[in-house]
Amino acid sequence: RMPALAQCYNLLDFESVAREVMKNTAWAYYSSGADDEITMRENHTAFHKVWFRPRILVDVEKVDFSTTMLGSKTSVPFYITATALGKLGHPEGEVVLTKAAHNHEVIQMIPTLASCSFDEIVDARKGEQVQWLQLYVNKDRAITKRIVQHAEKRGCKALFITVDAPQLGRREKDMRVKFSDTGSNVQASGGDSIDRSQGAARAISSFIDPSLSWKDIPWFLSITKMPIILKGVQCVEDVLRAVEAGVQGVVLSNHGGRQLDFARSGIEILAEVMPVLRERGWENKIEIFIDGGIRRGTDIIKALCLGAKGVGIGRPFLYAMSAYGQEGVERAFQLLKDELEMNMRLIGAATIDDLKPSMVDTRGLVGG
Ligand code: FNR
């Protein structure tokens with residue numbers, strides 16, 4: 001029997017429920033990581049290496065964790081990151097996330113490989129709600145250009161180009177279950193001959209261009225006025241190169257452990273990146289985001305102390321949606337808001353600006 005929604009007390013609870021109630025194929029696609037899933041596990045456990053140095057006697061009667069990301073206001077320092085194939089988990093797919101995001105003023109990143117069409121997800125947007133586009137770059141640049149310019153015309157506020165997936169990682173859990181139906185708009189995304197024997201991931205990704213390189217960045221900057229963010233940057237050298245290339249942001253991410261196994265966690269990379277940016281006085285030239293394994297308000301606070309502008313969260317919202325629909329996603333948002341409020345109080349920070357590197361002890365991180 002499925003536990004009542006009120007019995008989910010944190011984001012990890014949604015995962016346990018989803019594992020029980022989801023269809024095998026969907027669970028395998030959402031939960032899998034690359035190879036031995038070492039990076040996938042490390043993403044969350046890396047946060048256990050960071051400890052707090054709270055400040056006392058700070059007036060924290062009112063706590064405000066609203067912020068801006070890439071020029072857009074948001075009620076929280078986290079966003080829904082792009083995850084493909086929403087209809088595997090819920091018959092209405094990504095629009096469930098859109099509706100929940102509206103009610104909580106959370107930014108949503110729309111995946112290239114959504115199950116719903118791009119326009120359906122944009123049409124579900126209400127009022128001032130903010131959406132971004134995640135882009136897998138097609139070998140046919142005319143298709144890519146059309147997707148980008150259409151997104152800008154339809155009001156998307158930023159373009160996240162995924163740069164950690166020249167080839168989709170090998171996710172064996174996903175490969176083992178017989179994949180039959182993605183319920184997806186993959187034809188529209190340019191997915192041509194679909195090979196269903198290799199799991200959902202392989203089946204939908206054949207159009208992605210492995211020749212994408214730094215040389216392409218000026219072209220992207222020339223075809224859109226949306227801020228451009230590279231999603232999947234993994235070391236400080238590439239962050240510096242991204243600044244030089246003139247992009248507005250990077251996501252330090254290993255794609256939720258689904259690509260290169262033994263890639264480092266986002267928080268680890270952040271600890272490597274920020275001191276170098278500060279040393280050069282470049283910390284305001286680019287917005288730094290991280291994703292992967294973020295499950296607790298304290299995880300978010302740690303990332304912000306170190307200098308992240310915001311964090312992306314993927315699987316927990318998929319699990320909440322799959323198990324409980326929109327209500328589940330909204331409860332997940334509320335739980336994170338409650339955790340943020342309480343833990344900012346306890347660390348002695350009334351606003352996001354009060355979160356400082358001196359409030360965390362990162363000596364346990366390699367890059368710390
Ligand atoms: C993803 N991710 C992803 N990223 C991307 O750029 N394009 C995509 O289509 C997808 N699809 C996708 C599907 C599923 C099921 C998952 C779990 C993840 C990666 C995603 O944006 C993000 O990097 C991770 O999900 C963050 O890790 P957590 O929060 O899931 O641990």
# chains A, B, ... in the order shown; residues from 1 in each chain; ligands from 1
call {"tool": "residues_near_ligand", "arguments": {"ligand": "ligand 1", "cutoff": "8 Å", "atoms": "only C-alpha atoms and all ligand atoms", "output": "VMD selection string"}}
result
chain A and resid 29 to 32 40 43 to 44 81 to 85 111 to 114 134 to 136 160 to 165 231 to 232 253 to 258 291 to 295 312 to 316 318
call {"tool": "write_last_selection", "arguments": {"atoms": "C-alpha atoms", "output": "PDB file, in the first residue's frame"}}
result
ATOM      1  CA  TYR A  29      15.314   5.081 -16.823  1.00  0.00           C
ATOM      2  CA  TYR A  30      14.956   7.662 -14.042  1.00  0.00           C
ATOM      3  CA  SER A  31      17.083   5.981 -11.398  1.00  0.00           C
ATOM      4  CA  SER A  32      19.966   4.682 -13.460  1.00  0.00           C
ATOM      5  CA  MET A  40      25.710   8.950  -8.967  1.00  0.00           C
ATOM      6  CA  ASN A  43      26.900  13.243  -5.896  1.00  0.00           C
ATOM      7  CA  HIS A  44      24.906  13.039  -2.698  1.00  0.00           C
ATOM      8  CA  THR A  81      16.592  20.864 -14.011  1.00  0.00           C
ATOM      9  CA  ALA A  82      15.923  19.237 -17.386  1.00  0.00           C
ATOM     10  CA  THR A  83      15.027  15.563 -17.268  1.00  0.00           C
ATOM     11  CA  ALA A  84      13.861  13.745 -20.393  1.00  0.00           C
ATOM     12  CA  LEU A  85      10.732  11.632 -20.845  1.00  0.00           C
ATOM     13  CA  PRO A 111      14.369  19.439 -21.777  1.00  0.00           C
ATOM     14  CA  THR A 112      14.940  19.007 -25.532  1.00  0.00           C
ATOM     15  CA  LEU A 113      13.752  15.427 -25.051  1.00  0.00           C
ATOM     16  CA  ALA A 114      10.551  16.205 -23.170  1.00  0.00           C
ATOM     17  CA  GLN A 134      17.920  22.801 -22.218  1.00  0.00           C
ATOM     18  CA  LEU A 135      19.452  22.087 -25.616  1.00  0.00           C
ATOM     19  CA  TYR A 136      20.922  18.947 -27.091  1.00  0.00           C
ATOM     20  CA  PHE A 160      21.360  25.752 -21.291  1.00  0.00           C
ATOM     21  CA  ILE A 161      23.552  23.849 -23.760  1.00  0.00           C
ATOM     22  CA  THR A 162      24.358  20.371 -22.499  1.00  0.00           C
ATOM     23  CA  VAL A 163      28.079  19.772 -23.001  1.00  0.00           C
ATOM     24  CA  ASP A 164      28.648  16.539 -21.090  1.00  0.00           C
ATOM     25  CA  ALA A 165      26.904  14.217 -23.517  1.00  0.00           C
ATOM     26  CA  LYS A 231      25.586  22.571 -18.586  1.00  0.00           C
ATOM     27  CA  GLY A 232      28.022  19.861 -17.548  1.00  0.00           C
ATOM     28  CA  SER A 253      27.376  18.933 -13.205  1.00  0.00           C
ATOM     29  CA  ASN A 254      27.993  15.343 -14.193  1.00  0.00           C
ATOM     30  CA  HIS A 255      24.454  14.824 -15.505  1.00  0.00           C
ATOM     31  CA  GLY A 256      23.269  13.130 -12.325  1.00  0.00           C
ATOM     32  CA  GLY A 257      25.981  10.476 -12.644  1.00  0.00           C
ATOM     33  CA  ARG A 258      24.515   9.261 -15.929  1.00  0.00           C
ATOM     34  CA  ASP A 291      23.396  20.043  -9.809  1.00  0.00           C
ATOM     35  CA  GLY A 292      23.534  16.389  -8.802  1.00  0.00           C
ATOM     36  CA  GLY A 293      22.552  14.705  -5.567  1.00  0.00           C
ATOM     37  CA  ILE A 294      20.936  17.740  -3.977  1.00  0.00           C
ATOM     38  CA  ARG A 295      18.288  16.366  -1.630  1.00  0.00           C
ATOM     39  CA  GLY A 312      19.359  22.244 -10.044  1.00  0.00           C
ATOM     40  CA  ILE A 313      17.363  19.282  -8.777  1.00  0.00           C
ATOM     41  CA  GLY A 314      16.268  16.421 -11.030  1.00  0.00           C
ATOM     42  CA  ARG A 315      15.206  12.998  -9.818  1.00  0.00           C
ATOM     43  CA  PRO A 316      13.389  13.960  -6.598  1.00  0.00           C
ATOM     44  CA  LEU A 318      10.392  13.135 -11.060  1.00  0.00           C
TER      45      LEU A 318
END
call {"tool": "closest_atom_pairs", "arguments": {"of": "region 230-292 of chain A", "to": "region 346-359 of chain A", "cutoff": "12 Å", "atoms": "only C-alpha atoms", "output": "Markdown table"}}
result
| residue | atom | partner | partner_atom | distance |
| --- | --- | --- | --- | --- |
| A:Leu270 | CA | A:Pro357 | CA | 11.4 |
| A:Ala271 | CA | A:Pro357 | CA | 9.7 |
| A:Met274 | CA | A:Pro357 | CA | 9.7 |
| A:Pro275 | CA | A:Pro357 | CA | 9.9 |
| A:Arg278 | CA | A:Pro357 | CA | 11.5 |
call {"tool": "residues_around", "arguments": {"residues": "Pro210 (chain A)", "least_positions_apart": "2", "cutoff": "7 Å", "atoms": "only C-alpha atoms", "output": "ChimeraX atom specification"}}
result
/A:166-167,208,212
call {"tool": "write_last_selection", "arguments": {"atoms": "C-alpha atoms", "output": "mmCIF file, in the first residue's frame"}}
result
data_model
loop_
_atom_site.group_PDB
_atom_site.id
_atom_site.type_symbol
_atom_site.label_atom_id
_atom_site.label_comp_id
_atom_site.auth_asym_id
_atom_site.auth_seq_id
_atom_site.Cartn_x
_atom_site.Cartn_y
_atom_site.Cartn_z
ATOM 1 C CA PRO A 166 28.737 13.835 -26.863
ATOM 2 C CA GLN A 167 27.493 10.284 -26.442
ATOM 3 C CA ILE A 208 23.153 14.495 -30.765
ATOM 4 C CA LEU A 212 30.243 20.080 -30.915
#
call {"tool": "residues_around", "arguments": {"residues": "Asp238 (chain A)", "least_positions_apart": "6", "cutoff": "10 Å", "atoms": "only C-alpha atoms", "output": "PDB file with N, CA and C atoms, in the first residue's frame"}}
result
ATOM      1  N   LEU A 230      26.589  26.840 -20.136  1.00  0.00           N
ATOM      2  CA  LEU A 230      27.079  25.510 -20.489  1.00  0.00           C
ATOM      3  C   LEU A 230      26.771  24.560 -19.337  1.00  0.00           C
ATOM      4  N   GLU A 244      35.929  33.307 -20.901  1.00  0.00           N
ATOM      5  CA  GLU A 244      36.587  33.908 -22.070  1.00  0.00           C
ATOM      6  C   GLU A 244      35.718  33.808 -23.317  1.00  0.00           C
ATOM      7  N   VAL A 250      27.644  28.693 -16.143  1.00  0.00           N
ATOM      8  CA  VAL A 250      27.964  27.273 -16.292  1.00  0.00           C
ATOM      9  C   VAL A 250      27.223  26.503 -15.204  1.00  0.00           C
ATOM     10  N   VAL A 273      36.581  25.610  -8.182  1.00  0.00           N
ATOM     11  CA  VAL A 273      36.387  26.724  -9.109  1.00  0.00           C
ATOM     12  C   VAL A 273      36.385  28.094  -8.423  1.00  0.00           C
TER      13      VAL A 273
END
call {"tool": "atom_distance", "arguments": {"atom1": "CA of Arg41 (chain A)", "atom2": "CA of Glu15 (chain A)"}}
result
13.8 Å
call {"tool": "atom_distance", "arguments": {"atom1": "CA of Thr68 (chain A)", "atom2": "CA of Ile269 (chain A)"}}
result
22.3 Å
call {"tool": "select_by_dssp", "arguments": {"residues": "region 271-362 of chain A", "states": "helix (DSSP H, G or I)", "output": "PyMOL selection string"}}
result
chain A and resi 271-280+297-306+315-347+352-354+357-359
call {"tool": "select_by_dssp", "arguments": {"residues": "region 121-359 of chain A", "states": "strand (DSSP E or B)", "output": "mmCIF file with C-alpha atoms, in the first residue's frame"}}
result
data_model
loop_
_atom_site.group_PDB
_atom_site.id
_atom_site.type_symbol
_atom_site.label_atom_id
_atom_site.label_comp_id
_atom_site.auth_asym_id
_atom_site.auth_seq_id
_atom_site.Cartn_x
_atom_site.Cartn_y
_atom_site.Cartn_z
ATOM 1 C CA GLN A 131 11.153 28.808 -18.049
ATOM 2 C CA TRP A 132 14.561 27.995 -19.544
ATOM 3 C CA LEU A 133 15.445 25.679 -22.412
ATOM 4 C CA GLN A 134 17.920 22.801 -22.218
ATOM 5 C CA LEU A 135 19.452 22.087 -25.616
ATOM 6 C CA ASN A 138 21.509 18.510 -33.368
ATOM 7 C CA LEU A 159 19.543 28.607 -23.020
ATOM 8 C CA PHE A 160 21.360 25.752 -21.291
ATOM 9 C CA ILE A 161 23.552 23.849 -23.760
ATOM 10 C CA THR A 162 24.358 20.371 -22.499
ATOM 11 C CA ILE A 208 23.153 14.495 -30.765
ATOM 12 C CA ILE A 228 23.833 31.031 -22.692
ATOM 13 C CA ILE A 229 24.890 28.588 -19.996
ATOM 14 C CA LEU A 230 27.079 25.510 -20.489
ATOM 15 C CA LYS A 231 25.586 22.571 -18.586
ATOM 16 C CA GLY A 232 28.022 19.861 -17.548
ATOM 17 C CA VAL A 233 31.317 21.707 -16.942
ATOM 18 C CA GLY A 249 26.873 30.836 -16.887
ATOM 19 C CA VAL A 250 27.964 27.273 -16.292
ATOM 20 C CA VAL A 251 26.385 24.344 -14.490
ATOM 21 C CA LEU A 252 28.993 22.293 -12.659
ATOM 22 C CA GLU A 287 26.885 32.746 -12.772
ATOM 23 C CA ILE A 288 27.833 29.372 -11.356
ATOM 24 C CA PHE A 289 25.213 26.678 -10.814
ATOM 25 C CA ILE A 290 25.599 23.114 -9.646
ATOM 26 C CA ASP A 291 23.396 20.043 -9.809
ATOM 27 C CA GLY A 310 21.562 28.395 -7.557
ATOM 28 C CA VAL A 311 21.224 24.629 -7.767
ATOM 29 C CA GLY A 312 19.359 22.244 -10.044
ATOM 30 C CA ILE A 313 17.363 19.282 -8.777
ATOM 31 C CA THR A 351 19.210 36.311 3.333
#
call {"tool": "residues_around", "arguments": {"residues": "Phe317 (chain A)", "least_positions_apart": "2", "cutoff": "12 Å", "atoms": "only C-alpha atoms", "output": "JSON list (two decimals) with C-alpha atoms, in the first residue's frame"}}
result
[["chain", "number", "residue", "atom", "x", "y", "z"],
["A", 10, "ASN", "CA", 11.87, 14.73, 2.96],
["A", 11, "LEU", "CA", 12.93, 14.35, -0.66],
["A", 12, "LEU", "CA", 14.49, 10.93, -0.15],
["A", 13, "ASP", "CA", 11.11, 9.56, 0.96],
["A", 14, "PHE", "CA", 9.72, 10.18, -2.51],
["A", 15, "GLU", "CA", 12.43, 7.97, -3.96],
["A", 18, "ALA", "CA", 8.56, 5.76, -6.36],
["A", 30, "TYR", "CA", 14.96, 7.66, -14.04],
["A", 78, "PHE", "CA", 16.85, 25.95, -6.64],
["A", 79, "TYR", "CA", 15.32, 25.16, -10.04],
["A", 80, "ILE", "CA", 13.84, 22.11, -11.73],
["A", 81, "THR", "CA", 16.59, 20.86, -14.01],
["A", 82, "ALA", "CA", 15.92, 19.24, -17.39],
["A", 83, "THR", "CA", 15.03, 15.56, -17.27],
["A", 86, "GLY", "CA", 8.33, 12.94, -18.21],
["A", 89, "GLY", "CA", 6.43, 8.74, -14.79],
["A", 90, "HIS", "CA", 3.12, 10.52, -15.24],
["A", 93, "GLY", "CA", 4.38, 14.54, -18.35],
["A", 94, "GLU", "CA", 6.33, 17.79, -17.95],
["A", 96, "VAL", "CA", 2.71, 18.60, -14.21],
["A", 97, "LEU", "CA", 6.03, 20.16, -13.21],
["A", 98, "THR", "CA", 5.08, 23.43, -14.94],
["A", 100, "ALA", "CA", 3.55, 22.90, -9.64],
["A", 101, "ALA", "CA", 6.39, 25.32, -10.43],
["A", 106, "VAL", "CA", 10.13, 27.89, -9.08],
["A", 108, "GLN", "CA", 11.66, 25.14, -14.75],
["A", 294, "ILE", "CA", 20.94, 17.74, -3.98],
["A", 295, "ARG", "CA", 18.29, 16.37, -1.63],
["A", 312, "GLY", "CA", 19.36, 22.24, -10.04],
["A", 313, "ILE", "CA", 17.36, 19.28, -8.78],
["A", 314, "GLY", "CA", 16.27, 16.42, -11.03],
["A", 315, "ARG", "CA", 15.21, 13.00, -9.82],
["A", 319, "TYR", "CA", 9.81, 10.68, -8.22],
["A", 320, "ALA", "CA", 7.33, 13.00, -6.48],
["A", 321, "MET", "CA", 5.49, 13.49, -9.78],
["A", 322, "SER", "CA", 5.42, 9.77, -10.58],
["A", 323, "ALA", "CA", 4.09, 8.79, -7.16],
["A", 324, "TYR", "CA", 1.75, 11.66, -6.30],
["A", 325, "GLY", "CA", 1.37, 13.93, -9.34],
["A", 326, "GLN", "CA", 1.35, 17.72, -9.04],
["A", 327, "GLU", "CA", 0.52, 17.60, -5.33],
["A", 328, "GLY", "CA", 3.61, 15.52, -4.71],
["A", 329, "VAL", "CA", 5.86, 17.94, -6.57],
["A", 330, "GLU", "CA", 4.38, 20.84, -4.62],
["A", 331, "ARG", "CA", 5.00, 19.04, -1.34],
["A", 332, "ALA", "CA", 8.60, 18.43, -2.39],
["A", 333, "PHE", "CA", 9.00, 22.20, -3.02],
["A", 334, "GLN", "CA", 7.40, 23.02, 0.33],
["A", 335, "LEU", "CA", 9.62, 20.58, 2.22],
["A", 336, "LEU", "CA", 12.70, 22.20, 0.68]]
